[in-house]
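Here the structure comes first, spelled out in structure tokens, and everything after it is commentary.
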Amino acid sequence: MEFLYLGCLVISVLMLVGLKVLDVRNSTIQFINLLIIIISNLGFYFIATAPSVEVALFAQIIAYVGGIFLPIFYFLMVLEICHVELPRFLVVALVLIQCALFGLVCTIGRSEIFYKSASIYQKNGTTYMVREYGPLHVIYPITMYLYLLGAFAVAIYALVKNKSVNRRSVLAMLIFSTLAVTTYVIEKAAHLEVELIPIAFVVLMLGALIPVYDSNLYTVYENKDIINEQLGRVGFLTFNKRKVYKGCNDYMRDVFPELAKFRIGEKIGECSESLQALIEQIAPLEEMYKEDAHQKHVHREIEPFWLGDKCYEGMIHVVTDAFGSLKGFTIELRDDTADRLIIDLKERYNEELKQDVDEKTRRIRFIQQKTILGMAQMVESRDLSTGGHIKRTSEVVRIFSDKLLQSDLGFDRHFLRLVIRSAPMHDLGKIGVDDAILRKQGRFTEEEYAKMKTHSEIGYRMVTEILSEVEEPNFLRVAQNVAHYHHEKMDGSGYPHGLKGDEIPVEARIMALADVFDALVSKRCYKDAFSYDEAFEIIENDSGTHFDPQLAKVFISCREELEHYYNKSKE
């Protein structure tokens, strides 16, 4: 029967070779499982060929390596395949328990706690052992069954709950595990001379190798060729918690050739400013870790920097052990030149595009403003009573706006600019008034005055038609209100809608003061110009009825600037 054990030994060795040759990942746990089986099968082979009981007992201890350690590492392999993770401290504790159990195994031949007695006999050239188990031997089958039951439970849980697990692979592993357990149970129940455990071990691993290979092959992050290719594009520089240099890869050494002169295990001394600045970025990360040592994956981004014609960026990571204690730091660096150049090119293009658009927008607005002014001046040329009114009222609004900006009324600079731009359009609607009325020398009749008052409605419609498709909504709204409501009065006696107080848009209230003031201090065909004293007195007296009292107060404070402007205009 030694050939049976030898065959199991050879098959287990071939499985190990096959895993090394065909597997894309070479998992440590999977490698340990096969190594355990080889050692155990070697023990069984030595038992079958043992010339004495002493040799047989030593071989039995070797064989128990599989019995003690295979259940736990097989359990860990199932966890790995099913993507279930145990805390590291628990894994360490379980392995230590099995080591303690193996310590009991090592008492065979020296104590009666595991084996009370053992003897051998030979049959057909094969050595067989007869054993009488001690009181603590019962622990061995209990732990073995517990781990196998745990592996079954994890596999079944993965089949039911985990969609990322290959169902066929896990089912195959369950079937082969069942066969292995059945083989062991048959041996013990039938009291066979032949040890079937080596066969059970081989069956167990044959059933696991198929899902192991399939799992490793198609798990993206485990493809070593892809990983190695990507790692070749990333630099790594490591330090322990005392910031002692612990090594780097070739990529990092190409970026910082000076690293070649520093000895691993010593602190990095005098170096370039770029490398020194990079290392100094560890300190803030260390503070972050100290503030919250329980958070996982503590890291911070590296500030991008240029070395020659290349730009680099990356991350600095805190390295911890299984218990979360600080072990060191890893600097991860990658070449970001291409992306940075694209960003710079895009930003430069966007800036040039913005400048081009701004310039064209200014040009369009300039043409538009000139067109509107031209229309307003054309209207004014038809009105014999208001020569220069548009130009003067626009300047009065500008002077008034400067004062409003300095006041405590809370006006916004951008809003007042819109009012200034809108001022020339306040009488644009007069283009729709009959020439006979517009060019009349003298006062209007009631019927003529009624027709003249329609210019505010006409102006509103014209502004809307001219500006709605080409101007921003805020400017359109201000221009509409200036044209539409600049003849409204605070007491509701104005036109076209008889609005009162705050119902009148503030831009129209501003325009009303400028419009009336120019009408007062300018000579018309039906009246002489009022003096400045008379004009400001009228505005003060009509404050609260015709004009907004707060605005009127600020307007009156513009007297010096307004007198200067009008006196200069007369020269």
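Going by the structure tokens order, chains are called A, B, ..., each with residues numbered from 1, while ligands are numbered from 1 in the order shown.
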
For this session: Write out as a list in words each polymer residue whose atoms come within 12 Å of Ser119 in chain A, counting only C-alpha atoms; drop sequence neighbours fewer than 4 positions from it.
Result: Ile47, Ala50, Pro51, Ser52, Val53, Glu54, Val55, Ala56, Leu57, Gln60, Ile108, Gly109, Tyr115, Thr127, Tyr128, Met129, Val130, Arg131 and Glu132 of chain A

Exercise. Leaving out Tyr532 in chain A and any residue of its chain fewer than 5 positions from it, which residues lie within 9 Å of it when counting only C-alpha atoms, given as an NGL selection string?
Worked result: :A and (520-521 or 537 or 559 or 563)

Keeping only N, CA and C atoms, write the selected residues to a file as a compact mmCIF listing (two decimals), in the first residue's frame.
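The new file part19.txt reads:
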```txt
# COMPACT_ATOMS: atom_id res chain seq x y z
N LEU A 520 -36.52 121.70 -16.36
CA LEU A 520 -36.64 122.94 -15.60
C LEU A 520 -35.54 123.94 -15.95
N VAL A 521 -34.28 123.49 -16.05
CA VAL A 521 -33.18 124.43 -16.22
C VAL A 521 -32.87 124.70 -17.70
N GLU A 537 -35.53 124.08 -5.73
CA GLU A 537 -36.64 124.33 -4.80
C GLU A 537 -37.87 123.53 -5.22
N ARG A 559 -25.94 119.20 -6.47
CA ARG A 559 -26.10 120.54 -7.05
C ARG A 559 -24.80 121.09 -7.60
N GLU A 563 -24.49 121.98 -11.53
CA GLU A 563 -24.30 123.37 -11.97
C GLU A 563 -23.02 123.48 -12.80
```

For this session: Using DSSP on the backbone coordinates, identify the residues of range 110-349 of chain A assigned to alpha helix (DSSP H); present them as an NGL selection string.
Result: :A and (139-161 or 167-190 or 197-218 or 224-231 or 250-255 or 273-280 or 282-291 or 337-349)

Problem set entry | d(CA of His546 in chain A, CA of Pro505 in chain A) in Å | 13.9 Å

Problem set entry | Who sits within 7 Å of Ile390 in chain A, only C-alpha atoms, same chain under 3 positions skipped, as a ChimeraX atom specification | /A:393-394,424

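The shortest atom-to-atom distance to Lys500 in chain A, with only C-alpha atoms taken into account, belongs to A:Gly544 out of A:Arg110, A:Gly432, A:Ala63, A:Gly544.
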
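Those residues in range 115-180 of chain A carrying a DSSP assignment of strand (DSSP E or B), computed from the backbone, are Tyr115, Lys116, Ser117, Ala118, Ser119, Ile120, Tyr121, Gln122, Lys123, Thr126, Thr127, Tyr128, Met129, Val130, Arg131, Glu132 and Tyr133 of chain A.
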
Problem set entry | Distance criterion (only C-alpha atoms): nearest to Ile399 in chain A out of A:Gly308, A:Ile268, A:Glu448, A:Glu561 |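 Checking each candidate against Ile399 in chain A, we get A:Glu561 as the closest.
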
For this session: Would you mind telling me which residue in A:Tyr566, A:Tyr289, A:Phe411, A:Phe444 lies nearest to Leu551 in chain A when using only C-alpha atoms?
Result: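 Looking only at the distances to Leu551 in chain A, the closest residue turns out to be A:Phe411.
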
For this session: Write out as a VMD selection string each polymer residue whose atoms come within 10 Å of Phe3 in chain A, counting only C-alpha atoms; drop sequence neighbours fewer than 3 positions from it.
Result: chain A and resid 6 to 9 45 48 126

Exercise. In Å to one decimal, how far is CA of Val105 in chain A from CA of Ile38 in chain A?
Worked result: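 Atom-to-atom, CA of Ile38 in chain A and CA of Val105 in chain A are spaced 18.3 Å apart.
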
Problem set entry | Pick from A:Tyr64, A:Tyr251, A:Phe46, A:Tyr245, whichever lies nearest to Phe329 in chain A using only C-alpha atoms |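 With only C-alpha atoms as the atom set, the closest residue is A:Tyr245.
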
For this session: Would you work out the distance separating CA of Tyr5 in chain A from CA of Pro198 in chain A, expressed in Å to one decimal?
Result: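 Taking CA of Tyr5 in chain A and CA of Pro198 in chain A, their separation equals 6.9 Å.
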
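When only C-alpha atoms are used to measure the gap to Lys123 in chain A, the shortest distance among A:Ile68, A:Met15, A:Thr238, A:Glu2 belongs to A:Glu2.
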
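Counting only C-alpha atoms, Ile36 in chain A has the following residues at most 7 Å away, ignoring those fewer than 6 positions along the same chain: Val65, Gly66 and Leu70 of chain A.
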
Exercise. Which residues, written as a PyMOL selection string, have at least one atom at most 9 Å from Pro304 in chain A, with only C-alpha atoms counted and residues fewer than 4 positions away on the same chain left out?
Worked result: chain A and resi 311-314+336

Exercise. Counting only C-alpha atoms, which of A:Ile437, A:Val396, A:Met173, A:Met462 gets nearest to Leu148 in chain A?
Worked result: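 The closest residue to Leu148 in chain A is A:Met173.
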
Problem set entry | Spatial neighbours of Leu499 in chain A, max dist 12 Å, only C-alpha atoms, sep filter under 6 positions, as a ChimeraX atom specification | /A:484-493,505,508-509,545-546
